[in-house]
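Enquirer: Structure incoming, see below.
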Protein chains: 2
Amino acid sequence: MTDLAAIVRERIRSVPDFPKKGVMFRDITPLLNDGEAFARVVRFYTERYRDKGITRVVSIESRGFILGSILAYNLGAGFIPVRKPGKLPFSTIRESYSLEYGEDTLEMHMDALGKGDVTLIVDDLLATGGTANATVNLVERCGATVLELSFLIELSFLGGRKALGTRPVFALVDYKNEL
Amino acid sequence: MTDLAAIVRERIRSVPDFPKKGVMFRDITPLLNDGEAFARVVRFYTERYRDKGITRVVSIESRGFILGSILAYNLGAGFIPVRKPGKLPFSTIRESYSLEYGEDTLEMHMDALGKGDVTLIVDDLLATGGTANATVNLVERCGATVLELSFLIELSFLGGRKALGTRPVFALVDYKNEL
């Protein structure tokens with residue numbers, strides 16, 4: 001895994017001042033563009049979650065859809081999108097979370113999950129944990145359980161794990177500070 | 001393929017008046033939620049495009065990411081996201097296209113593709129062809145070629161194929177009218 005983390009880190013492009021001044025954005029598109037490297041990443045995550053009884057992979061719009069959908073396919077699980085308000089056409093349940101200024105909301109179809117579902121929550125990046133925790137709440141309100149929250153990247157200096165309580169969290173690469 | 005199209009059609013939920021009055025929205029989330037059925041769909045698309053020399057799969061935000069990323073993985077190709085303005089952090093090229101009222105724009109990273117790349121363009125649905133044609137233009141401006149545009153669903157009554165000229169188009173399911 002150390003080797004793999006190094007491969008991933010080499011293919012993450014750090015873009016200063018995006019989306020706003022003072023933020024260093026971690027861009028995974030060079031990793032995705034390298035089919036061979038990204039396939040190694042996918043195989044690693046697939047092995048991590050194989051035979052764990054996962055019935056649904058819940059992915060957060062929209063970069064989370066990329067790894068999440070491949071894992072759902074590889075694990076033989078259903079794929080559940082969690083989206084910004086107004087994007088899902090059927091009846092939804094909603095969870096709001098705080099931003100630096102104001103709040104935002106995520107939605108999931110109300111019939112997406114049921115009691116007995118074992119889910120893996122997937123997104124590209126764990127920052128403050130706001131969207132991840134809102135997604136945990138959506139899943140648990142349906143009576144389903146969260147086996148793990150899985151990310152490519154963690155920004156541990158933002159303390160996102162704290163927002164997620166005792167739920168297991170995994171990330172392949174950690175940036176311990178903004179630089 | 002006829003059987004598979006029937007399986008898909010049974011799992012598409014038609015939602016009237018979404019996102020606005022008079023539009024029948026074709027919701028693929030029940031298909032995605034059925035891991036076994038969606039895996040059959042993925043295997044079909046994978047076989048269709050295997051050994052065709054595809055180097056990159058170009059997918060349109062955000063439902064296009066779901067099938068597109070799995071195909072990129074299965075084909076050993078790189079994955080290229082095409083996104084709404086302001087989402088991609090690095091230098092981009094842009095293409096605008098007409099909507100019923102006004103216009104919209106799509107972006108792709110300027111270093112995503114190069115001469116010699118053979119691409120498959122993937123989205124969930126072909127409607128008027130505006131976003132698909134903008135994506136073709138982004139790909140061809142990089143000197144890359146489009147092997148085929150591939151969709152789960154086509155709304156042929158909207159005439160999207162006409163917008164795409166002579167480029168090959170494939171869709172598993174066609175809705176020939178709004179109902």
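Going by the structure tokens order, chains are called A, B, ..., each with residues numbered from 1, while ligands are numbered from 1 in the order shown.
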Between chain B and chain A, at 9 Å or less, what are the per-residue closest atom pairs and their distances in Å? Count only C-alpha atoms, order by chain and rising residue number, and return it as CSV.

Expert:
residue,atom,partner,partner_atom,distance
B:Arg13,CA,A:Phe90,CA,8.8
B:Val15,CA,A:Pro89,CA,6.7
B:Phe18,CA,A:Pro89,CA,6.3
B:Pro19,CA,A:Pro89,CA,7.2
B:Phe25,CA,A:Pro89,CA,7.4
B:Arg26,CA,A:Pro89,CA,8.8
B:Asp27,CA,A:Pro89,CA,7.0
B:Thr29,CA,A:Ile80,CA,7.3
B:Pro30,CA,A:Ala112,CA,8.0
B:Leu31,CA,A:Gly78,CA,8.6
B:Leu32,CA,A:Phe79,CA,5.2
B:Asn33,CA,A:Gly78,CA,4.2
B:Asp34,CA,A:Gly78,CA,5.2
B:Gly35,CA,A:Gly78,CA,4.0
B:Glu36,CA,A:Gly76,CA,6.6
B:Phe38,CA,A:Tyr73,CA,7.9
B:Ala39,CA,A:Tyr73,CA,6.1
B:Val42,CA,A:Tyr73,CA,8.2
B:Thr55,CA,A:Gly35,CA,8.5
B:Arg56,CA,A:Asn33,CA,7.5
B:Glu61,CA,A:Ser62,CA,7.3
B:Ser62,CA,A:Ser62,CA,5.6
B:Arg63,CA,A:Phe65,CA,8.2
B:Phe65,CA,A:Ile66,CA,5.9
B:Ile66,CA,A:Ser69,CA,5.5
B:Leu67,CA,A:Ser69,CA,7.5
B:Gly68,CA,A:Ile66,CA,8.2
B:Ser69,CA,A:Ile66,CA,5.5
B:Ile70,CA,A:Ile70,CA,4.9
B:Leu71,CA,A:Ile70,CA,8.7
B:Ala72,CA,A:Gly35,CA,7.3
B:Tyr73,CA,A:Ala39,CA,6.1
B:Asn74,CA,A:Ala39,CA,8.8
B:Leu75,CA,A:Gly35,CA,8.8
B:Gly76,CA,A:Gly35,CA,5.6
B:Ala77,CA,A:Gly35,CA,4.8
B:Gly78,CA,A:Gly35,CA,4.0
B:Phe79,CA,A:Asn33,CA,5.1
B:Ile80,CA,A:Asn33,CA,6.1
B:Pro81,CA,A:Thr29,CA,7.8
B:Gly86,CA,A:Pro19,CA,8.1
B:Lys87,CA,A:Pro19,CA,8.2
B:Leu88,CA,A:Asp27,CA,8.3
B:Pro89,CA,A:Phe18,CA,6.3
B:Phe90,CA,A:Val15,CA,7.0
B:His109,CA,A:Thr29,CA,8.6
B:Ala112,CA,A:Asn33,CA,7.0
B:Leu113,CA,A:Asn33,CA,8.8

Enquirer: For the alpha helix (DSSP H) assignment from backbone DSSP, which residues of stretch 43-96 of chain B qualify? Please present them as a ChimeraX atom specification.

Expert: /B:43-49,64-75

Enquirer: Can you pull out the residues contacting A:Asp3? Cut-off 12 Å, using only C-alpha atoms, and skip same-chain residues under 2 positions away; I want them as a VMD selection string.

Expert: chain A and resid 1 5 to 10 37 40 to 41 44 172 to 173

Enquirer: Find the spatial neighbours of A:Ala132, counting only C-alpha atoms, within a cut-off of 9 Å - ignore same-chain residues fewer than 5 positions away - and output them as a VMD selection string.

Expert: chain A and resid 60 121 to 123 126 to 127 137 149 160 163 to 164

Enquirer: Identify, with DSSP run on backbone atoms, the residues in stretch 91-148 of chain A assigned to strand (DSSP E), and express the list as number ranges by chain.

Expert: A: 92-98, 103-109, 118-126, 145-148

Enquirer: Find the residues near A:Asp174: any atom within 10 Å, counting only C-alpha atoms, skip ones fewer than 5 places away on the same chain, and give them as a list in words.

Expert: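 Neighbouring residues, sequence-local ones excluded: Ala5, Arg9, Leu125, Leu126, Phe151, Leu152, Ile153, Glu154, Leu155, Ser156 and Phe157 of chain A.
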
Enquirer: When you draw a straight line from atom CA of A:Ser98 to atom CA of A:Val136, how long is it in Å?

Expert: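 Going from atom CA of A:Ser98 over to atom CA of A:Val136 covers 14.8 Å.
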